[in-house]
Each structure stands twice: as structure tokens, then as C-alpha cells.
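Data file: protein-v1.pdb. Format and content: PDB, C-alpha atoms and all ligand atoms.
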ATOM      1  CA  MET L   1     111.185  93.343  56.835
ATOM      2  CA  VAL L   2     113.665  96.183  56.364
ATOM      3  CA  GLY L   3     116.933  97.171  54.707
ATOM      4  CA  GLU L   4     119.295  94.523  53.448
ATOM      5  CA  HIS L   5     116.899  91.669  54.361
ATOM      6  CA  LEU L   6     114.225  93.116  52.113
ATOM      7  CA  VAL L   7     116.701  93.461  49.250
ATOM      8  CA  GLN L   8     117.936  89.876  49.687
ATOM      9  CA  ALA L   9     114.361  88.556  49.850
ATOM     10  CA  THR L  10     113.483  90.496  46.684
ATOM     11  CA  ALA L  11     116.509  89.093  44.868
ATOM     12  CA  GLN L  12     115.214  85.583  45.553
ATOM     13  CA  GLN L  13     111.795  86.213  43.992
ATOM     14  CA  PRO L  14     110.978  85.003  40.446
ATOM     15  CA  GLU L  15     112.791  87.328  38.010
ATOM     16  CA  ALA L  16     114.297  89.031  41.093
ATOM     17  CA  GLN L  17     111.485  91.533  41.279
ATOM     18  CA  ALA L  18     108.798  92.636  43.718
ATOM     19  CA  TRP L  19     106.033  95.204  43.984
ATOM     20  CA  TYR L  20     105.745  97.932  46.580
ATOM     21  CA  VAL L  21     101.996  98.514  46.957
ATOM     22  CA  LEU L  22     101.218 101.828  48.613
ATOM     23  CA  ASP L  23      98.121 103.329  50.217
ATOM     24  CA  ASP L  24      97.489 107.002  51.077
ATOM     25  CA  LEU L  25      99.174 106.705  54.468
ATOM     26  CA  ALA L  26     102.341 105.251  52.934
ATOM     27  CA  LEU L  27     102.418 107.922  50.223
ATOM     28  CA  GLU L  28     102.317 110.687  52.848
ATOM     29  CA  GLN L  29     105.373 109.408  54.760
ATOM     30  CA  PRO L  30     108.350 111.807  54.783
ATOM     31  CA  VAL L  31     111.687 110.786  53.260
ATOM     32  CA  ARG L  32     114.346 113.420  53.970
ATOM     33  CA  ARG L  33     112.882 116.633  52.428
ATOM     34  CA  GLU L  34     110.114 115.016  50.394
ATOM     35  CA  LYS L  35     107.329 112.485  50.665
ATOM     36  CA  VAL L  36     107.114 108.917  49.431
ATOM     37  CA  ALA L  37     104.551 110.205  46.889
ATOM     38  CA  ASP L  38     107.215 112.485  45.343
ATOM     39  CA  ILE L  39     109.617 109.582  44.889
ATOM     40  CA  VAL L  40     106.897 107.356  43.477
ATOM     41  CA  ALA L  41     105.936 110.098  40.996
ATOM     42  CA  ARG L  42     109.454 109.832  39.497
ATOM     43  CA  ALA L  43     109.432 106.022  39.321
ATOM     44  CA  SER L  44     109.188 104.758  35.748
ATOM     45  CA  THR L  45     107.855 101.385  36.948
ATOM     46  CA  ARG L  46     104.795 102.663  38.812
ATOM     47  CA  VAL L  47     101.442 101.189  37.816
ATOM     48  CA  ASP L  48      97.803 101.409  38.747
ATOM     49  CA  PRO L  49      96.996  98.706  41.347
ATOM     50  CA  ALA L  50      94.404  97.285  38.917
ATOM     51  CA  GLU L  51      97.300  96.349  36.598
ATOM     52  CA  LEU L  52      99.094  94.214  39.190
ATOM     53  CA  PRO L  53      99.541  90.506  38.413
ATOM     54  CA  PHE L  54      97.828  89.674  41.728
ATOM     55  CA  PRO L  55      94.777  91.077  43.586
ATOM     56  CA  ALA L  56      95.696  94.440  45.084
ATOM     57  CA  PRO L  57      94.992  95.191  48.759
ATOM     58  CA  ARG L  58      91.745  97.170  49.182
ATOM     59  CA  HIS L  59      93.229 100.613  49.898
ATOM     60  CA  ALA L  60      96.087 100.422  47.407
ATOM     61  CA  ARG L  61      96.608 103.692  45.487
ATOM     62  CA  VAL L  62      99.690 102.915  43.420
ATOM     63  CA  ALA L  63     102.271 100.157  42.992
ATOM     64  CA  VAL L  64     105.926 100.293  41.980
ATOM     65  CA  ARG L  65     107.936  97.401  40.556
ATOM     66  CA  VAL L  66     111.364  97.150  42.139
ATOM     67  CA  ARG L  67     114.492  95.122  41.438
ATOM     68  CA  PRO L  68     117.620  94.974  43.607
ATOM     69  CA  GLY L  69     120.863  96.216  42.107
ATOM     70  CA  ILE L  70     124.503  95.489  42.817
ATOM     71  CA  THR L  71     126.591  98.577  43.505
ATOM     72  CA  HIS L  72     129.852  96.654  43.818
ATOM     73  CA  THR L  73     130.762  93.035  44.460
ATOM     74  CA  ILE L  74     132.743  93.559  47.717
ATOM     75  CA  GLY L  75     135.102  90.723  46.660
ATOM     76  CA  GLY L  76     138.386  91.365  44.898
ATOM     77  CA  LEU L  77     142.156  91.048  44.961
ATOM     78  CA  ARG L  78     143.827  90.690  48.371
ATOM     79  CA  ILE L  79     145.879  93.798  49.182
ATOM     80  CA  ASP L  80     148.126  94.822  52.067
ATOM     81  CA  GLU L  81     148.149  98.178  53.936
ATOM     82  CA  GLN L  82     150.070  99.791  51.058
ATOM     83  CA  ALA L  83     147.449  98.627  48.524
ATOM     84  CA  ARG L  84     149.974  96.164  47.044
ATOM     85  CA  VAL L  85     148.315  93.046  45.646
ATOM     86  CA  VAL L  86     149.482  90.129  47.761
ATOM     87  CA  GLY L  87     151.616  87.752  45.718
ATOM     88  CA  ALA L  88     151.876  89.998  42.650
ATOM     89  CA  GLU L  89     154.920  92.269  42.836
ATOM     90  CA  GLY L  90     154.452  95.707  41.254
ATOM     91  CA  LEU L  91     150.672  95.408  41.103
ATOM     92  CA  PHE L  92     148.345  97.648  43.150
ATOM     93  CA  ALA L  93     144.582  97.521  43.631
ATOM     94  CA  ALA L  94     141.940  99.764  45.200
ATOM     95  CA  GLY L  95     138.210 100.363  45.273
ATOM     96  CA  ALA L  96     136.013  97.807  43.592
ATOM     97  CA  ASP L  97     139.036  95.736  42.522
ATOM     98  CA  ALA L  98     140.231  95.121  46.102
ATOM     99  CA  GLY L  99     138.653  92.603  48.486
ATOM    100  CA  GLY L 100     138.888  91.909  52.197
ATOM    101  CA  ILE L 101     137.660  95.369  53.232
ATOM    102  CA  SER L 102     133.978  94.795  53.989
ATOM    103  CA  THR L 103     134.583  91.692  56.089
ATOM    104  CA  GLY L 104     132.359  92.810  58.987
ATOM    105  CA  GLY L 105     129.471  93.956  56.772
ATOM    106  CA  TYR L 106     129.097  96.590  54.081
ATOM    107  CA  ALA L 107     131.594  99.449  54.133
ATOM    108  CA  SER L 108     131.420 102.335  51.683
ATOM    109  CA  GLY L 109     132.672 101.466  48.208
ATOM    110  CA  LEU L 110     133.463 105.125  47.548
ATOM    111  CA  ALA L 111     135.552 105.327  50.724
ATOM    112  CA  ALA L 112     137.455 102.190  49.747
ATOM    113  CA  ALA L 113     138.157 103.713  46.332
ATOM    114  CA  LEU L 114     139.200 107.114  47.708
ATOM    115  CA  VAL L 115     141.334 105.848  50.581
ATOM    116  CA  PHE L 116     143.075 102.952  48.853
ATOM    117  CA  GLY L 117     143.251 104.726  45.510
ATOM    118  CA  ARG L 118     145.430 107.413  47.070
ATOM    119  CA  ILE L 119     147.472 104.882  49.042
ATOM    120  CA  ALA L 120     148.021 102.823  45.869
ATOM    121  CA  ALA L 121     149.216 105.910  43.983
ATOM    122  CA  GLU L 122     151.604 106.889  46.776
ATOM    123  CA  SER L 123     152.905 103.319  47.071
ATOM    124  CA  ALA L 124     153.457 103.110  43.330
ATOM    125  CA  LEU L 125     155.373 106.420  43.383
ATOM    126  CA  GLU L 126     157.620 105.170  46.170
ATOM    127  CA  GLY L 127     158.591 102.219  44.006
ATOM    128  CA  LEU L 128     159.772 104.425  41.094
TER     129      LEU L 128
HETATM  130  C1  LIG O 201     124.131 102.845  41.487
HETATM  131  C2  LIG O 201     125.295 102.844  42.447
HETATM  132  C3  LIG O 201     125.162 103.493  43.657
HETATM  133  C4  LIG O 201     126.235 103.492  44.563
HETATM  134  N1  LIG O 201     126.093 104.160  45.746
HETATM  135  C5  LIG O 201     127.119 104.216  46.592
HETATM  136  C6  LIG O 201     127.021 104.984  47.796
HETATM  137  O1  LIG O 201     125.995 105.602  48.094
HETATM  138  N2  LIG O 201     128.086 105.001  48.635
HETATM  139  C7  LIG O 201     129.226 104.337  48.371
HETATM  140  O2  LIG O 201     130.165 104.407  49.167
HETATM  141  N3  LIG O 201     129.370 103.611  47.232
HETATM  142  C8  LIG O 201     128.349 103.538  46.334
HETATM  143  N4  LIG O 201     128.468 102.812  45.181
HETATM  144  C9  LIG O 201     129.707 102.041  44.966
HETATM  145  C10 LIG O 201     130.828 102.929  44.459
HETATM  146  O3  LIG O 201     130.342 103.760  43.399
HETATM  147  C11 LIG O 201     131.974 102.041  43.948
HETATM  148  O4  LIG O 201     132.352 101.139  44.979
HETATM  149  C12 LIG O 201     133.159 102.910  43.573
HETATM  150  O5  LIG O 201     132.801 103.846  42.572
HETATM  151  C13 LIG O 201     134.304 102.058  43.056
HETATM  152  O6  LIG O 201     135.328 102.946  42.638
HETATM  153  P1  LIG O 201     136.442 102.458  41.638
HETATM  154  O7  LIG O 201     137.303 103.647  41.364
HETATM  155  O8  LIG O 201     137.105 101.231  42.175
HETATM  156  O9  LIG O 201     135.677 101.989  40.314
HETATM  157  P2  LIG O 201     134.779 102.849  39.333
HETATM  158  O10 LIG O 201     134.122 103.995  40.049
HETATM  159  O11 LIG O 201     133.924 101.848  38.648
HETATM  160  O12 LIG O 201     135.817 103.488  38.326
HETATM  161  C14 LIG O 201     136.468 102.712  37.365
HETATM  162  C15 LIG O 201     136.731 103.615  36.176
HETATM  163  O13 LIG O 201     137.584 102.922  35.263
HETATM  164  C16 LIG O 201     137.093 103.130  33.963
HETATM  165  N5  LIG O 201     137.591 102.012  33.145
HETATM  166  C17 LIG O 201     137.183 100.728  33.136
HETATM  167  N6  LIG O 201     137.879 100.009  32.258
HETATM  168  C18 LIG O 201     138.773 100.851  31.721
HETATM  169  C19 LIG O 201     139.798 100.697  30.750
HETATM  170  N7  LIG O 201     140.045  99.512  30.173
HETATM  171  N8  LIG O 201     140.514 101.772  30.417
HETATM  172  C20 LIG O 201     140.300 102.966  31.005
HETATM  173  N9  LIG O 201     139.341 103.182  31.929
HETATM  174  C21 LIG O 201     138.592 102.130  32.280
HETATM  175  C22 LIG O 201     135.605 103.171  34.109
HETATM  176  O14 LIG O 201     135.023 103.842  33.015
HETATM  177  C23 LIG O 201     135.470 103.972  35.410
HETATM  178  O15 LIG O 201     135.443 105.368  35.189
HETATM  179  C24 LIG O 201     127.439 102.816  44.244
HETATM  180  C25 LIG O 201     127.551 102.168  43.002
HETATM  181  C26 LIG O 201     126.500 102.180  42.123
HETATM  182  C27 LIG O 201     126.667 101.480  40.776
END
Let me see the structure of the file written as C-alpha cells.
Ligand SMILES: Cc1cc2nc3c(=O)[nH]c(=O)nc-3n(C[C@H](O)[C@H](O)[C@H](O)COP(=O)(O)OP(=O)(O)OC[C@H]3O[C@@H](n4cnc5c(N)ncnc54)[C@H](O)[C@@H]3O)c2cc1C
Amino acid sequence: MVGEHLVQATAQQPEAQAWYVLDDLALEQPVRREKVADIVARASTRVDPAELPFPAPRHARVAVRVRPGITHTIGGLRIDEQARVVGAEGLFAAGADAGGISTGGYASGLAAALVFGRIAAESALEGL
């Protein structure tokens, strides 16, 4: 299970948490310029496998408790191409406050804020 499916599955667990249980092979895997072991070393929720609330796999070296987070809701006010809120004259929205952007799947929240933030400012200036 990878990516968004893993996150969704984790969110549906009791208390929305899961454990990543890692063996030596997993700890040696590269992630960009470091190894999984380097990332795990910084994790405040890492524990010895003996402390897990279930029997650890035989070669487990370390475990990390994980919880999914929400970076932004994706929903929000409906806006037009000029970042005007539909049905609310004189009101503009961008970024996390605007919806209808990630309709085909996740699209960058930062991009939505940068692009529509500027458009909203320009549209508001035009109305002055
Ligand atoms: C942990 C995390 C990781 C993320 N990673 C990514 C990523 O990798 N790529 C990506 O594209 N997006 C990412 N996002 C999403 C992205 O950060 C947001 O979608 C984006 O910042 C939304 O921009 P915004 O300007 O709409 O809102 P915000 O960035 O939330 O800015 C709103 C600002 O308004 C201020 N504010 C609120 N209320 C008031 C008030 N009453 N008066 C004055 N100021 C107020 C807040 O303090 C804040 O500074 C991430 C979000 C989180 C939380």
C-alpha cells in the first residue's frame, strides 16, 4: 500500500494512528540525500519494538508511531477566474479559502494561494 491510500487507511485505524516497523534493510533505504535511518532518528515517536502494543516481527529494529495530518481541506468558497466569490459581490477568496480547484485530485495548496492570491489582489484593485 502506498501514498494516499496508506494515509487514508491509517486515518481509519483506532485513534487514527499506525506503526511503521522497520528492519535493517528498511533503515538502509535512501530517501533523497539521506537514509530512512536518518529520518527515523529525528522522529519523536520512535520506540523499541519490544514496547509495541502487539508482537513485533522477528527482525524489527525500531518502530515509529505515525498519524496522518491535514494540510488543507481542499473545499472552500466558489470563485470565478478573477478570484471573485460567486454570489458575493466585492468579496474575493484564494488559497485555502477557495474551493473547486483540486477537482481532479490534489493540486498544490501553495500554488493555489500564490496564483489566486495575486489574481484576487489585482481584481480587487481594478474595482477601486
Ligand atoms: C504541514 C503542512 C505541509 C504542507 N505542505 C505543502 C506542500 O508541500 N505543498 C503545497 O503546495 N502545500 C502544502 N501545504 C498547504 C499550504 O501550506 C496551504 O494550502 C497554503 O499555505 C494556504 O495558503 P493561504 O494563504 O490560503 O493560507 P495560510 O498559509 O494559512 O495563511 C493565512 C494567514 O492568515 C493569518 N490569519 C488568520 N486569521 C487571521 C486574522 N483574523 N487576522 C489576520 N491574519 C490572520 C494566518 O496567521 C496566516 O498567516 C502544507 C500545509 C501544512 C499545514
When the cut-off is 8 Å and you count only C-alpha atoms and all ligand atoms, which residues lie near ligand LIG 201 (chain O), shown as an MDAnalysis selection string? chainID L and resid 69:72 94:98 107:114 117
Explicit residue set for the PyMOL selection byres (((chain L and resi 51-60) around 8) and not hetatm), as a CSV table (one decimal) with C-alpha atoms, in the coordinates of the input:
chain,number,residue,atom,x,y,z
L,21,VAL,CA,102.0,98.5,47.0
L,22,LEU,CA,101.2,101.8,48.6
L,23,ASP,CA,98.1,103.3,50.2
L,24,ASP,CA,97.5,107.0,51.1
L,47,VAL,CA,101.4,101.2,37.8
L,48,ASP,CA,97.8,101.4,38.7
L,49,PRO,CA,97.0,98.7,41.3
L,50,ALA,CA,94.4,97.3,38.9
L,61,ARG,CA,96.6,103.7,45.5
L,62,VAL,CA,99.7,102.9,43.4
L,63,ALA,CA,102.3,100.2,43.0
Students should find that atom CA of Gly99 of chain L and atom CA of Ile119 of chain L are spaced 15.1 Å
Can you pull out every residue within 10 Å of Arg67 of chain L, counting all atoms listed in the file, but drop anything in the same chain fewer than 5 positions away, and send it as a list of chain:residue names? L:Val7, L:Thr10, L:Ala11, L:Gln13, L:Glu15, L:Ala16, L:Gln17, L:Ala18, L:Trp19
Record the distance separating atom CA of Tyr106 of chain L and atom CA of Ile74 of chain L, expressed in Å with one decimal. 7.9 Å
Shell around Arg46 of chain L at 7 Å using only C-alpha atoms, local window under 2 positions removed, as a count of residues only: 7
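Counting from atom CA of Ala120 of chain L, the distance to atom CA of Ala83 of chain L is 5.0 Å.
What the PyMOL selection byres (((chain L and resi 80) around 12) and not hetatm) grabs from this file is Leu77, Arg78, Ile79, Glu81, Gln82, Ala83, Arg84, Val85, Val86, Gly87, Ala88, Glu89, Leu91, Phe92, Ala93, Ala94, Ala98, Gly99, Gly100, Ile101, Phe116, Ile119, Ala120 and Ser123 of chain L.
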Step by step, gather every atom of segment 7-12 of chain L that the file lists, find the box along x, y and z that holds them, add 8 Å on each side, and finally give centre and edge lengths in Å to one decimal, as JSON.
{"center_x": 115.7, "center_y": 89.5, "center_z": 47.4, "size_x": 20.5, "size_y": 23.9, "size_z": 21.0}
What would the list of residues within 7 Å of (104.4, 108.8, 47.8) (file frame) look like as an mmCIF file with C-alpha atoms, keeping the file's coordinate frame, if all atoms listed in the file are what count?
data_model
loop_
_atom_site.group_PDB
_atom_site.id
_atom_site.type_symbol
_atom_site.label_atom_id
_atom_site.label_comp_id
_atom_site.auth_asym_id
_atom_site.auth_seq_id
_atom_site.Cartn_x
_atom_site.Cartn_y
_atom_site.Cartn_z
ATOM 1 C CA ALA L 26 102.341 105.251 52.934
ATOM 2 C CA LEU L 27 102.418 107.922 50.223
ATOM 3 C CA GLU L 28 102.317 110.687 52.848
ATOM 4 C CA LYS L 35 107.329 112.485 50.665
ATOM 5 C CA VAL L 36 107.114 108.917 49.431
ATOM 6 C CA ALA L 37 104.551 110.205 46.889
ATOM 7 C CA ASP L 38 107.215 112.485 45.343
ATOM 8 C CA ILE L 39 109.617 109.582 44.889
ATOM 9 C CA VAL L 40 106.897 107.356 43.477
#
